[in-house]
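To be precise, the following lines are target.cif, and they hold mmCIF, C-alpha atoms and all ligand atoms.
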```cif
data_run
#
loop_
_atom_site.label_atom_id
_atom_site.label_comp_id
_atom_site.auth_asym_id
_atom_site.auth_seq_id
_atom_site.Cartn_x
_atom_site.Cartn_y
_atom_site.Cartn_z
CA MET A 1276 156.99 133.92 33.14
CA ASN A 1277 155.04 135.23 30.17
CA VAL A 1278 152.66 138.08 30.94
CA LEU A 1279 149.75 139.58 29.02
CA ILE A 1280 148.59 143.17 29.54
CA LEU A 1281 145.09 144.11 28.34
CA GLY A 1282 144.67 147.64 27.00
CA SER A 1283 146.15 150.13 24.58
CA GLY A 1284 146.81 153.45 26.30
CA GLY A 1285 149.53 155.31 28.14
CA ARG A 1286 148.70 153.37 31.30
CA GLU A 1287 149.37 150.07 29.53
CA HIS A 1288 152.60 151.29 27.90
CA THR A 1289 153.81 152.37 31.35
CA LEU A 1290 152.92 148.98 32.87
CA ALA A 1291 154.67 147.25 29.96
CA TRP A 1292 157.77 149.43 30.40
CA LYS A 1293 157.83 148.58 34.11
CA LEU A 1294 157.22 144.83 33.70
CA ALA A 1295 159.84 144.66 30.95
CA GLN A 1296 162.48 145.62 33.55
CA SER A 1297 161.83 142.48 35.59
CA PRO A 1298 164.40 139.68 35.43
CA LYS A 1299 161.50 137.30 36.09
CA LEU A 1300 159.74 138.27 32.85
CA GLY A 1301 159.80 135.85 29.93
CA LYS A 1302 157.80 137.23 27.04
CA LEU A 1303 155.52 140.21 27.32
CA PHE A 1304 152.30 140.51 25.29
CA VAL A 1305 149.90 143.43 25.03
CA ALA A 1306 146.39 143.24 23.56
CA PRO A 1307 145.79 145.30 21.56
CA GLY A 1308 148.65 147.66 22.54
CA ASN A 1309 150.00 150.66 20.63
CA ALA A 1310 153.18 151.68 18.79
CA GLY A 1311 154.98 152.19 22.11
CA THR A 1312 154.18 148.74 23.49
CA ALA A 1313 155.17 147.24 20.12
CA GLU A 1314 158.75 148.41 20.79
CA ILE A 1315 159.07 146.43 24.03
CA ALA A 1316 156.44 143.68 23.79
CA GLN A 1317 154.46 141.69 21.26
CA ASN A 1318 151.14 143.31 20.41
CA MET A 1319 148.19 141.07 19.61
CA PRO A 1320 145.20 142.38 17.65
CA ILE A 1321 142.65 141.28 20.24
CA GLY A 1322 140.01 143.51 21.84
CA VAL A 1323 140.00 143.73 25.64
CA ASN A 1324 136.46 142.35 25.80
CA ASP A 1325 137.03 139.41 23.45
CA PHE A 1326 137.44 136.82 26.20
CA GLU A 1327 137.46 133.79 23.88
CA LYS A 1328 140.32 135.24 21.80
CA ILE A 1329 142.16 136.19 24.98
CA LYS A 1330 141.83 132.59 26.17
CA GLU A 1331 143.23 131.29 22.87
CA ALA A 1332 146.21 133.64 23.07
CA VAL A 1333 146.91 132.81 26.72
CA LEU A 1334 147.02 129.08 26.00
CA GLN A 1335 148.92 129.41 22.73
CA HIS A 1336 151.67 131.63 24.20
CA ASP A 1337 151.95 129.94 27.57
CA ILE A 1338 150.97 133.12 29.40
CA SER A 1339 150.91 132.75 33.17
CA MET A 1340 149.63 136.14 34.31
CA VAL A 1341 147.14 138.67 32.94
CA VAL A 1342 147.23 142.33 34.00
CA VAL A 1343 144.06 144.23 33.15
CA GLY A 1344 144.47 147.93 32.31
CA PRO A 1345 140.97 149.36 31.69
CA GLU A 1346 137.73 148.92 33.65
CA ASP A 1347 135.56 147.53 30.85
CA PRO A 1348 136.76 143.92 30.83
CA LEU A 1349 136.70 143.87 34.64
CA VAL A 1350 133.12 145.10 34.82
CA ASN A 1351 132.32 142.54 32.10
CA GLY A 1352 133.83 139.78 34.24
CA VAL A 1353 137.16 138.85 32.65
CA HIS A 1354 138.51 137.69 36.00
CA ASP A 1355 135.45 135.48 36.59
CA PHE A 1356 135.80 134.12 33.05
CA PHE A 1357 139.28 132.85 33.96
CA LEU A 1358 138.12 131.39 37.27
CA LYS A 1359 135.29 129.46 35.61
CA ASP A 1360 137.47 127.90 32.90
CA VAL A 1361 139.42 124.77 33.85
CA ALA A 1362 142.19 125.66 31.40
CA LEU A 1363 142.57 129.18 32.81
CA VAL A 1364 141.67 128.85 36.48
CA LYS A 1365 145.29 128.75 37.68
CA ILE A 1366 146.34 131.83 35.73
CA PRO A 1367 146.20 134.89 37.96
CA VAL A 1368 144.35 137.95 36.74
CA ILE A 1369 145.36 141.30 38.24
CA GLY A 1370 142.06 143.16 38.54
CA PRO A 1371 138.94 142.52 40.65
CA GLN A 1372 136.15 140.08 39.91
CA LYS A 1373 132.90 141.37 38.43
CA ALA A 1374 131.07 141.73 41.74
CA ALA A 1375 133.78 144.03 43.13
CA ALA A 1376 134.25 145.87 39.82
CA GLU A 1377 130.74 147.22 40.41
CA LEU A 1378 132.47 149.83 42.57
CA GLU A 1379 133.20 151.51 39.24
CA GLY A 1380 130.45 149.85 37.17
CA SER A 1381 127.62 151.31 39.24
CA LYS A 1382 127.73 154.66 41.03
CA GLN A 1383 124.80 153.61 43.21
CA PHE A 1384 126.62 150.43 44.23
CA ALA A 1385 129.66 152.54 45.16
CA LYS A 1386 127.54 154.98 47.17
CA GLU A 1387 125.79 152.16 49.06
CA PHE A 1388 129.19 150.59 49.78
CA MET A 1389 130.47 153.88 51.22
CA MET A 1390 127.35 154.41 53.31
CA ARG A 1391 127.54 150.85 54.66
CA HIS A 1392 131.17 151.27 55.69
CA ARG A 1393 130.86 154.89 56.83
CA ILE A 1394 133.33 156.19 54.25
CA PRO A 1395 132.99 159.97 53.82
CA THR A 1396 131.30 160.94 50.55
CA ALA A 1397 128.69 163.41 49.28
CA ALA A 1398 125.05 162.88 50.33
CA TYR A 1399 122.99 161.40 47.48
CA GLN A 1400 119.83 159.79 46.22
CA SER A 1401 119.27 157.76 43.07
CA PHE A 1402 116.36 157.81 40.63
CA THR A 1403 114.95 155.94 37.64
CA ALA A 1404 112.43 156.95 34.96
CA ASP A 1405 109.67 155.77 37.31
CA THR A 1406 110.79 158.16 40.02
CA LEU A 1407 111.52 161.18 37.80
CA GLU A 1408 109.10 163.41 39.74
CA GLU A 1409 110.81 162.54 43.03
CA GLY A 1410 114.09 163.41 41.30
CA TYR A 1411 112.74 166.87 40.48
CA THR A 1412 111.65 167.35 44.09
CA PHE A 1413 115.07 166.24 45.35
CA LEU A 1414 116.79 168.74 43.02
CA GLU A 1415 114.55 171.53 44.33
CA LYS A 1416 115.77 170.84 47.85
CA LEU A 1417 119.46 171.10 46.87
CA THR A 1418 121.49 174.24 46.35
CA PRO A 1419 123.34 174.66 43.03
CA PRO A 1420 125.52 173.47 41.44
CA TYR A 1421 123.68 170.19 40.82
CA VAL A 1422 125.68 166.97 40.30
CA LEU A 1423 124.02 164.31 38.11
CA LYS A 1424 125.78 161.00 37.55
CA ALA A 1425 124.80 158.24 35.16
CA ASP A 1426 124.88 155.07 37.25
CA GLY A 1427 126.74 152.91 34.73
CA LEU A 1428 129.93 153.22 32.66
CA ALA A 1429 129.74 156.14 30.23
CA ALA A 1430 133.35 156.43 29.00
CA GLY A 1431 134.10 159.17 31.54
CA LYS A 1432 131.31 161.42 30.26
CA GLY A 1433 128.50 160.41 32.59
CA VAL A 1434 128.83 163.20 35.18
CA LEU A 1435 127.03 166.52 34.61
CA ILE A 1436 127.47 169.56 36.83
CA LEU A 1437 124.82 172.22 36.28
CA ASN A 1438 124.23 175.62 37.82
CA ASP A 1439 120.64 176.10 36.78
CA LEU A 1440 117.74 174.17 38.35
CA ARG A 1441 115.68 174.09 35.14
CA GLU A 1442 118.62 172.82 33.17
CA ALA A 1443 119.35 170.19 35.85
CA LYS A 1444 115.75 168.93 35.68
CA GLU A 1445 115.87 168.82 31.89
CA GLU A 1446 119.16 166.89 31.92
CA LEU A 1447 117.78 164.47 34.51
CA ARG A 1448 114.84 163.78 32.20
CA THR A 1449 117.12 163.36 29.16
CA MET A 1450 119.30 160.93 31.06
CA LEU A 1451 116.47 158.84 32.50
CA VAL A 1452 113.82 159.01 29.81
CA ASP A 1453 115.72 159.68 26.56
CA GLY A 1454 118.69 157.49 27.44
CA LYS A 1455 121.29 160.24 27.02
CA PHE A 1456 124.00 157.76 28.05
CA GLY A 1457 122.12 154.69 26.87
CA ASN A 1458 121.49 152.07 29.50
CA ALA A 1459 124.17 153.66 31.71
CA SER A 1460 121.74 156.45 32.58
CA ALA A 1461 118.68 154.27 33.22
CA LYS A 1462 119.51 155.10 36.81
CA VAL A 1463 120.94 158.48 37.92
CA VAL A 1464 122.66 159.38 41.16
CA ILE A 1465 122.09 162.98 42.23
CA GLU A 1466 124.52 164.17 44.85
CA GLU A 1467 125.54 167.12 46.92
CA PHE A 1468 128.22 169.29 45.28
CA LEU A 1469 131.55 169.26 47.10
CA ALA A 1470 133.88 172.22 46.73
CA GLY A 1471 137.60 171.60 47.11
CA ILE A 1472 140.75 170.41 45.42
CA GLU A 1473 140.89 166.91 43.92
CA LEU A 1474 143.55 164.24 44.16
CA SER A 1475 143.86 160.51 43.57
CA VAL A 1476 145.08 157.75 45.81
CA PHE A 1477 145.96 154.31 44.48
CA VAL A 1478 145.91 151.13 46.48
CA LEU A 1479 147.13 147.68 45.48
CA THR A 1480 145.42 144.84 47.34
CA ASP A 1481 145.43 141.05 47.36
CA GLY A 1482 142.05 141.09 49.08
CA VAL A 1483 143.50 141.04 52.59
CA GLY A 1484 146.73 143.01 52.69
CA TYR A 1485 147.23 146.24 50.81
CA LYS A 1486 149.81 148.83 49.85
CA VAL A 1487 149.07 152.52 49.46
CA LEU A 1488 150.83 153.71 46.31
CA PRO A 1489 152.01 157.27 45.66
CA THR A 1490 149.34 159.99 45.43
CA ALA A 1491 148.74 161.84 42.17
CA LYS A 1492 146.80 164.77 40.80
CA ASP A 1493 145.52 164.80 37.25
CA TYR A 1494 144.32 167.64 35.05
CA LYS A 1495 141.13 166.67 33.25
CA ARG A 1496 140.02 169.81 31.39
CA ILE A 1497 141.27 170.57 27.90
CA GLY A 1498 141.86 174.28 28.55
CA GLU A 1499 144.39 176.15 30.62
CA GLY A 1500 143.27 177.16 34.11
CA ASP A 1501 141.03 174.03 34.16
CA THR A 1502 138.55 175.36 31.62
CA GLY A 1503 136.68 173.81 28.71
CA LEU A 1504 135.60 170.23 28.13
CA ASN A 1505 136.62 167.21 30.16
CA THR A 1506 139.23 164.90 28.65
CA GLY A 1507 140.70 161.59 29.71
CA GLY A 1508 143.49 163.58 31.38
CA MET A 1509 146.00 166.15 30.12
CA GLY A 1510 148.77 165.74 32.65
CA ALA A 1511 149.59 164.54 36.16
CA ILE A 1512 151.89 165.12 39.11
CA SER A 1513 153.04 162.73 41.84
CA PRO A 1514 153.26 163.15 44.79
CA VAL A 1515 150.57 165.74 45.48
CA PRO A 1516 152.42 168.52 47.31
CA PHE A 1517 149.54 169.54 49.62
CA VAL A 1518 149.17 166.05 51.11
CA ASP A 1519 151.04 166.15 54.42
CA LYS A 1520 151.32 163.31 56.92
CA ASN A 1521 148.27 164.41 58.88
CA PHE A 1522 146.05 164.50 55.77
CA MET A 1523 147.45 161.19 54.51
CA ASP A 1524 146.65 159.60 57.89
CA LYS A 1525 143.05 160.77 57.54
CA ILE A 1526 142.88 159.29 54.03
CA HIS A 1527 144.27 156.02 55.30
CA ASP A 1528 142.19 155.68 58.46
CA ARG A 1529 138.86 156.95 57.14
CA ILE A 1530 138.99 155.77 53.54
CA VAL A 1531 141.67 153.27 52.50
CA LYS A 1532 141.41 150.92 55.48
CA PRO A 1533 137.59 150.83 55.62
CA THR A 1534 137.51 150.32 51.84
CA VAL A 1535 139.71 147.21 51.91
CA GLU A 1536 138.01 145.90 55.04
CA GLY A 1537 134.60 146.65 53.52
CA LEU A 1538 135.44 144.59 50.45
CA LYS A 1539 136.37 141.69 52.69
CA MET A 1540 133.29 142.07 54.86
CA ASP A 1541 130.99 142.20 51.83
CA ASP A 1542 132.66 139.18 50.19
CA LEU A 1543 133.81 141.18 47.20
CA PRO A 1544 136.94 139.40 45.91
CA TYR A 1545 139.56 141.96 44.99
CA LYS A 1546 143.07 141.39 43.69
CA GLY A 1547 144.20 144.49 41.91
CA PHE A 1548 144.39 148.25 41.92
CA ILE A 1549 141.83 150.49 43.61
CA PHE A 1550 141.79 154.09 42.39
CA ILE A 1551 140.16 156.40 44.91
CA GLY A 1552 139.16 159.79 43.52
CA LEU A 1553 139.21 162.20 46.45
CA ILE A 1554 138.36 165.79 47.13
CA LYS A 1555 139.83 167.82 49.99
CA VAL A 1556 136.96 169.78 51.52
CA GLY A 1557 138.49 172.15 54.06
CA ASP A 1558 140.92 169.74 55.72
CA GLU A 1559 138.82 166.62 55.25
CA PRO A 1560 139.14 163.97 52.52
CA MET A 1561 135.93 162.77 50.86
CA VAL A 1562 135.44 160.18 48.13
CA ILE A 1563 134.24 161.39 44.73
CA GLU A 1564 134.48 158.00 43.05
CA TYR A 1565 136.10 154.59 42.96
CA ASN A 1566 137.74 153.15 39.88
CA VAL A 1567 138.82 149.52 39.77
CA ARG A 1568 142.01 150.13 37.80
CA LEU A 1569 144.90 152.55 37.64
CA GLY A 1570 144.29 156.07 36.31
CA ASP A 1571 145.55 157.42 33.04
CA PRO A 1572 147.71 159.60 32.97
CA GLU A 1573 148.27 159.08 36.73
CA THR A 1574 149.94 155.74 35.99
CA GLU A 1575 152.59 157.58 33.97
CA VAL A 1576 153.74 159.34 37.17
CA VAL A 1577 152.84 156.79 39.87
CA VAL A 1578 154.37 153.63 38.39
CA PRO A 1579 157.78 155.12 37.48
CA ARG A 1580 158.14 156.15 41.16
CA ILE A 1581 157.66 152.58 42.42
CA GLN A 1582 161.03 150.85 42.51
CA ASN A 1583 159.79 147.31 43.17
CA ASP A 1584 159.93 144.55 40.59
CA PHE A 1585 156.41 144.43 39.16
CA VAL A 1586 156.35 140.73 38.33
CA SER A 1587 157.17 140.00 42.00
CA LEU A 1588 154.65 142.57 43.17
CA PHE A 1589 151.87 141.04 41.06
CA GLU A 1590 152.88 137.53 42.16
CA ALA A 1591 152.40 138.68 45.75
CA VAL A 1592 148.94 139.98 44.82
CA ALA A 1593 148.08 136.65 43.20
CA ASN A 1594 149.45 134.57 46.10
CA GLY A 1595 147.97 136.72 48.84
CA THR A 1596 151.38 137.63 50.28
CA LEU A 1597 151.33 141.37 49.66
CA ASP A 1598 151.77 141.95 53.40
CA THR A 1599 155.33 140.59 53.18
CA VAL A 1600 156.34 143.11 50.50
CA ASP A 1601 158.02 146.42 51.28
CA LEU A 1602 157.31 149.13 48.78
CA ALA A 1603 160.26 151.26 47.69
CA ILE A 1604 159.24 154.67 46.40
CA ASP A 1605 161.42 157.16 44.55
CA GLY A 1606 161.33 160.33 46.65
CA ARG A 1607 161.53 162.63 43.64
CA THR A 1608 158.51 164.22 41.99
CA ALA A 1609 157.30 162.89 38.65
CA THR A 1610 155.23 164.90 36.19
CA THR A 1611 153.68 163.97 32.90
CA VAL A 1612 152.28 166.15 30.12
CA MET A 1613 149.90 164.63 27.59
CA MET A 1614 150.13 165.59 23.93
CA VAL A 1615 146.75 165.40 22.22
CA SER A 1616 145.33 165.60 18.70
CA GLY A 1617 144.06 168.99 17.48
CA GLY A 1618 140.33 169.26 18.18
CA TYR A 1619 140.30 166.66 20.98
CA PRO A 1620 138.12 166.01 23.02
CA GLU A 1621 135.75 166.87 20.17
CA ALA A 1622 136.23 165.55 16.62
CA TYR A 1623 139.87 165.19 15.56
CA GLU A 1624 141.86 163.64 12.73
CA LYS A 1625 144.00 160.52 13.08
CA GLY A 1626 146.89 159.17 11.05
CA LYS A 1627 149.31 162.08 11.57
CA GLU A 1628 152.96 161.08 11.47
CA ILE A 1629 154.80 161.65 14.75
CA SER A 1630 158.48 162.62 14.78
CA GLY A 1631 161.17 163.60 17.24
CA TYR A 1632 160.30 161.42 20.22
CA GLU A 1633 162.99 158.80 19.58
CA ASN A 1634 165.84 161.08 20.62
CA ILE A 1635 164.54 162.13 24.01
CA GLN A 1636 166.98 161.02 26.71
CA ASP A 1637 166.11 162.52 30.07
CA SER A 1638 162.33 162.03 29.97
CA LEU A 1639 160.21 158.93 29.49
CA VAL A 1640 157.86 158.93 26.51
CA PHE A 1641 154.75 156.80 26.96
CA HIS A 1642 152.54 156.21 23.95
CA ALA A 1643 148.77 156.48 24.30
CA GLY A 1644 146.97 156.77 20.95
CA THR A 1645 149.62 155.68 18.46
CA LYS A 1646 149.98 152.98 15.81
CA VAL A 1647 152.58 151.80 13.33
CA GLU A 1648 151.50 152.19 9.74
CA ASP A 1649 153.56 152.27 6.52
CA ASP A 1650 156.68 151.98 8.69
CA THR A 1651 155.90 155.23 10.49
CA VAL A 1652 154.47 155.96 13.91
CA GLN A 1653 151.16 157.78 13.57
CA THR A 1654 148.47 159.20 15.81
CA SER A 1655 145.47 156.92 16.35
CA GLY A 1656 143.61 158.57 19.22
CA GLY A 1657 142.84 161.80 21.02
CA ARG A 1658 145.50 161.41 23.63
CA VAL A 1659 148.70 160.62 21.74
CA MET A 1660 151.76 160.53 24.00
CA ALA A 1661 152.74 161.47 27.53
CA VAL A 1662 156.15 162.87 28.46
CA THR A 1663 157.15 161.95 32.03
CA SER A 1664 160.06 163.55 33.89
CA PHE A 1665 161.56 163.51 37.36
CA GLY A 1666 162.69 166.48 39.45
CA THR A 1667 163.38 167.50 43.03
CA ASP A 1668 160.02 169.29 42.89
CA PHE A 1669 157.17 169.43 40.38
CA LYS A 1670 158.43 172.65 38.81
CA GLU A 1671 161.79 171.15 37.97
CA ALA A 1672 160.18 167.97 36.64
CA LEU A 1673 157.68 169.94 34.57
CA SER A 1674 160.30 172.13 32.95
CA LYS A 1675 162.02 168.96 31.72
CA SER A 1676 158.74 167.57 30.36
CA TYR A 1677 158.04 170.85 28.57
CA GLU A 1678 161.56 171.13 27.20
CA ASN A 1679 161.32 167.63 25.71
CA ILE A 1680 157.77 167.95 24.43
CA GLU A 1681 159.04 170.75 22.19
CA LYS A 1682 161.13 168.18 20.33
CA ILE A 1683 158.07 166.14 19.34
CA ARG A 1684 156.03 167.05 16.31
CA PHE A 1685 152.79 166.00 14.66
CA GLU A 1686 150.20 168.00 12.76
CA GLY A 1687 147.64 169.61 15.05
CA MET A 1688 149.53 168.71 18.25
CA ASN A 1689 148.18 170.36 21.40
CA TYR A 1690 149.06 170.18 25.08
CA ARG A 1691 148.40 172.15 28.25
CA LYS A 1692 151.20 174.47 29.22
CA ASP A 1693 149.98 175.05 32.79
CA ILE A 1694 150.02 171.65 34.49
CA GLY A 1695 150.43 172.27 38.24
CA PHE A 1696 149.16 175.85 37.97
CA ASP A 1697 146.94 175.44 41.04
CA LEU A 1698 149.58 174.05 43.39
P1 LIG B 1701 133.66 161.12 37.94
O1 LIG B 1701 133.30 160.69 36.55
O2 LIG B 1701 132.90 160.50 39.03
O3 LIG B 1701 135.15 161.16 38.12
O4 LIG B 1701 133.30 162.68 38.00
C1 LIG B 1701 133.89 163.56 37.12
C2 LIG B 1701 134.26 164.81 37.83
O5 LIG B 1701 133.08 165.45 38.31
C3 LIG B 1701 135.10 164.62 39.07
O6 LIG B 1701 136.45 164.47 38.78
C4 LIG B 1701 134.82 165.90 39.82
O7 LIG B 1701 135.59 166.95 39.29
C5 LIG B 1701 133.39 166.16 39.49
N1 LIG B 1701 132.51 165.71 40.58
C6 LIG B 1701 131.95 164.49 40.72
N2 LIG B 1701 131.19 164.43 41.82
C7 LIG B 1701 131.27 165.64 42.42
C8 LIG B 1701 130.71 166.23 43.60
N3 LIG B 1701 129.89 165.54 44.40
N4 LIG B 1701 131.01 167.50 43.88
C9 LIG B 1701 131.83 168.20 43.07
N5 LIG B 1701 132.38 167.73 41.95
C10 LIG B 1701 132.11 166.46 41.62
N1 LIG B 1702 142.64 160.23 34.86
C1 LIG B 1702 141.38 159.81 35.27
C2 LIG B 1702 141.07 158.40 35.00
O1 LIG B 1702 141.90 157.59 34.63
O2 LIG B 1702 139.91 158.04 35.18
#
```
Please lay out the structure from this file as structure tokens.
Ligand code: AMP
Ligand code: GLY
Amino acid sequence: MNVLILGSGGREHTLAWKLAQSPKLGKLFVAPGNAGTAEIAQNMPIGVNDFEKIKEAVLQHDISMVVVGPEDPLVNGVHDFFLKDVALVKIPVIGPQKAAAELEGSKQFAKEFMMRHRIPTAAYQSFTADTLEEGYTFLEKLTPPYVLKADGLAAGKGVLILNDLREAKEELRTMLVDGKFGNASAKVVIEEFLAGIELSVFVLTDGVGYKVLPTAKDYKRIGEGDTGLNTGGMGAISPVPFVDKNFMDKIHDRIVKPTVEGLKMDDLPYKGFIFIGLIKVGDEPMVIEYNVRLGDPETEVVVPRIQNDFVSLFEAVANGTLDTVDLAIDGRTATTVMMVSGGYPEAYEKGKEISGYENIQDSLVFHAGTKVEDDTVQTSGGRVMAVTSFGTDFKEALSKSYENIEKIRFEGMNYRKDIGFDL
């Protein structure tokens, strides 16, 4: 069958690499894709939110499955768009419908969902411009640091953590009244600060059955020792070494199971990946956030460890037969290190020629922000490429990633040399 992947990052290159291994795959398309996906699939210059163009391409190329990488088109209702169109209704979309995508599209929706289904998460209240004064009073009752979250999608920038009460009040006002994050911060969730170590759990569900995928830990800050600005992710490790059976059982019983059952109970149709951002507080798992997609760069370590055929796996999601599938997981550890443009996550230059990645044998190179121009592969984003390696433990895997990253060159290249430092 012909498959279309929506997206253009390292996550999508990894999914393309995995799907391309399936004997069931006909032709693979990626929209819009990057230089890495262009090597193994056909890129199409279509934006992920251009549903009419996506429809045209699906019909023209006889595509019979669509896998959605990023959250935007899901929150905008790409799955519903297919279901409402007689020409597209039979074509499965991997990714939840709009109503369920609100788990990521609205922080308040996610918090209400967790409260309703008794899923452990930080205490919270939400506010609008009309209730700004109540917001100030709520902040006064909390102890620092203060956690302010724009309700809507804000490209990963919508969470502020502040130590000073005056600053927190000022930011709350800027978010609600001045539209700091546009319409996304017309509502703000203020929540209790949780101290602990973070990890991510991924679940694939067909709406009834589900599979818990390997755990992962990502490194979001630009600077070593987790300092400096937040990025989309500078590296990742899977599995997370501190997750033992007892802790995983807690995650499953208190979080994963009630999440999937809650979706069913609330009539939120969900066929796709659930990304649960967790924090380990003492010995207890609590939910920081839901995302309705795979993580990036977590995908670059989670997906290579799954040995199943991905076309079959996605068919089971579409057909509602996921319960009959056995997952096969590679027991080794996978690590990935992200190479980024100089200056990222602030202003950076694009269009730098990349060399040296073609000859890497014992690591996987996944492209993120790359493009082909003038017959060369060039940088086209902040996060440029991820180098994934396997090892018996994360140290062995990391040393391979670091050894191979040294072979890659582009002007201004930067990467964190301390992935896994806290483990
Ligand atoms: P999010 O955009 O929801 O992933 O939040 C970004 C980051 O803010 C998370 O990865 C956490 O590091 C941090 N964060 C969010 N909520 C809390 C909380 N309640 N307590 C502590 N840290 C938090
Ligand atoms: N790595 C975090 C994310 O994909 O949101």
Requested in this report: Considering all atoms listed in the file, return as number ranges by chain whatever protein or nucleic-acid residues lie within 7 Å of stretch 1669-1671 of chain A, sequence-local ones (same chain, fewer than 4 positions apart) excluded.
Outcome: A: 1512, 1608-1610, 1675
Query - Neighbours of point (158.2, 161.2, 21.0) within 12 Å, using only C-alpha atoms, written as a PyMOL selection string - result: chain A and resi 1310-1311+1612-1614+1628-1636+1638-1643+1645+1652-1654+1659-1663+1676+1679-1685+1688
Requested in this report: Name each residue within 10 Å of ligand LIG 1701 (chain B), counting only C-alpha atoms and all ligand atoms, as a VMD selection string.
Outcome: chain A and resid 1379 1382 1396 to 1399 1420 to 1426 1428 to 1436 1464 to 1475 1493 to 1496 1505 1551 to 1554 1556 1561 to 1566
Give me the residues of chain A that have any atom at most 7 Å from an atom of ligand LIG 1702 (chain B); for each, the nearest atom pair and the distance in Å, rounded to one decimal. Use only C-alpha atoms and all ligand atoms, sort by chain and number, and format it as CSV.
```
residue,atom,partner,partner_atom,distance
A:Gly1431,CA,B:LIG1702,O2,6.9
A:Asp1493,CA,B:LIG1702,N1,5.9
A:Lys1495,CA,B:LIG1702,N1,6.8
A:Gly1507,CA,B:LIG1702,N1,5.7
A:Gly1508,CA,B:LIG1702,N1,4.9
A:Leu1569,CA,B:LIG1702,O1,6.6
A:Gly1570,CA,B:LIG1702,O1,3.3
A:Asp1571,CA,B:LIG1702,O1,4.0
A:Pro1572,CA,B:LIG1702,N1,5.4
A:Glu1573,CA,B:LIG1702,N1,6.0
```
Write to file, as a short mmCIF file (atom, residue, chain, number, x, y, z; two decimals), in the frame of the given file, the residues of the selection just made, with C-alpha atoms.
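And here is the file that came out, selection_25.cif:
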```cif
data_model
loop_
_atom_site.label_atom_id
_atom_site.label_comp_id
_atom_site.auth_asym_id
_atom_site.auth_seq_id
_atom_site.Cartn_x
_atom_site.Cartn_y
_atom_site.Cartn_z
CA GLY A 1431 134.10 159.17 31.54
CA ASP A 1493 145.52 164.80 37.25
CA LYS A 1495 141.13 166.67 33.25
CA GLY A 1507 140.70 161.59 29.71
CA GLY A 1508 143.49 163.58 31.38
CA LEU A 1569 144.90 152.55 37.64
CA GLY A 1570 144.29 156.07 36.31
CA ASP A 1571 145.55 157.42 33.04
CA PRO A 1572 147.71 159.60 32.97
CA GLU A 1573 148.27 159.08 36.73
#
```
Query raised in the report: A:Val1515: which residues within 8 Å, counting all atoms listed in the file, same-chain residues fewer than 5 positions away excluded, as a list in words?
Result: Leu1474, Thr1490, Ala1491 and Lys1492 of chain A
Query - Among the residues A:Gln1383, A:Ser1616, A:Met1276, A:Thr1289, the one that comes closest to A:Ala1459 [using only C-alpha atoms] - result: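 Among A:Gln1383, A:Ser1616, A:Met1276, A:Thr1289, it is A:Gln1383 that comes nearest to A:Ala1459.
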Requested in this report: Counting all atoms listed in the file, note down every residue that has an atom within 9 Å of the point (163.6, 147.9, 27.8) (file coordinates), as an MDAnalysis selection string.
Outcome: chainID A and resid 1292:1293 1295:1296 1314:1315
Contacts of A:Thr1403 at 10 Å or less, counting all atoms listed in the file, minus same-chain residues fewer than 6 places along, as a PDB file with C-alpha atoms, keeping the file's coordinate frame?
```pdb
ATOM      1  CA  GLU A1409     110.810 162.540  43.030  1.00  0.00           C
ATOM      2  CA  GLY A1410     114.090 163.410  41.300  1.00  0.00           C
ATOM      3  CA  ASP A1426     124.880 155.070  37.250  1.00  0.00           C
ATOM      4  CA  LEU A1447     117.780 164.470  34.510  1.00  0.00           C
ATOM      5  CA  ARG A1448     114.840 163.780  32.200  1.00  0.00           C
ATOM      6  CA  MET A1450     119.300 160.930  31.060  1.00  0.00           C
ATOM      7  CA  LEU A1451     116.470 158.840  32.500  1.00  0.00           C
ATOM      8  CA  VAL A1452     113.820 159.010  29.810  1.00  0.00           C
ATOM      9  CA  SER A1460     121.740 156.450  32.580  1.00  0.00           C
ATOM     10  CA  ALA A1461     118.680 154.270  33.220  1.00  0.00           C
ATOM     11  CA  LYS A1462     119.510 155.100  36.810  1.00  0.00           C
ATOM     12  CA  VAL A1463     120.940 158.480  37.920  1.00  0.00           C
ATOM     13  CA  VAL A1464     122.660 159.380  41.160  1.00  0.00           C
TER      14      VAL A1464
END
```
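Of the listed residues A:Gly1352, A:Pro1514, A:Gly1687, A:Gly1547, the one whose atoms come nearest to A:Phe1665 is A:Pro1514, with distances taken using all atoms listed in the file.
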Query raised in the report: Which is closer to A:Ile1280 than all the others in A:Asn1438, A:Gln1317, A:Asn1521, A:Ser1664, using all atoms listed in the file?
Result: A:Gln1317
Query - Surrounding residues of stretch 1331-1339 of chain A excluding itself and chain neighbours under 4 positions, 7 Å, all atoms listed in the file, as an NGL selection string - result: :A and (1276-1279 or 1327 or 1366)
Report task. Find the residue from A:Leu1290, A:Val1353, A:Leu1440, A:Ile1581 that sits nearest to A:Asn1324; use all atoms listed in the file when measuring. Result -> A:Val1353
Requested in this report: In Å, rounded to a single decimal, give me how far atom CA of A:Asp1519 is from atom CA of A:Glu1499.
Outcome: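 For atom CA of A:Glu1499 relative to atom CA of A:Asp1519, the distance reads 26.7 Å.
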Query raised in the report: With distances taken over all atoms listed in the file, which of A:Leu1673, A:Val1592, A:Val1600, A:Ile1526 is nearest to A:Ala1511?
Result: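 Going through A:Leu1673, A:Val1592, A:Val1600, A:Ile1526 one by one, the smallest distance to A:Ala1511 is for A:Leu1673.
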Query raised in the report: When you draw a straight line from atom CA of A:Leu1597 to atom CA of A:Thr1534, how long is it in Å?
Result: 16.6 Å
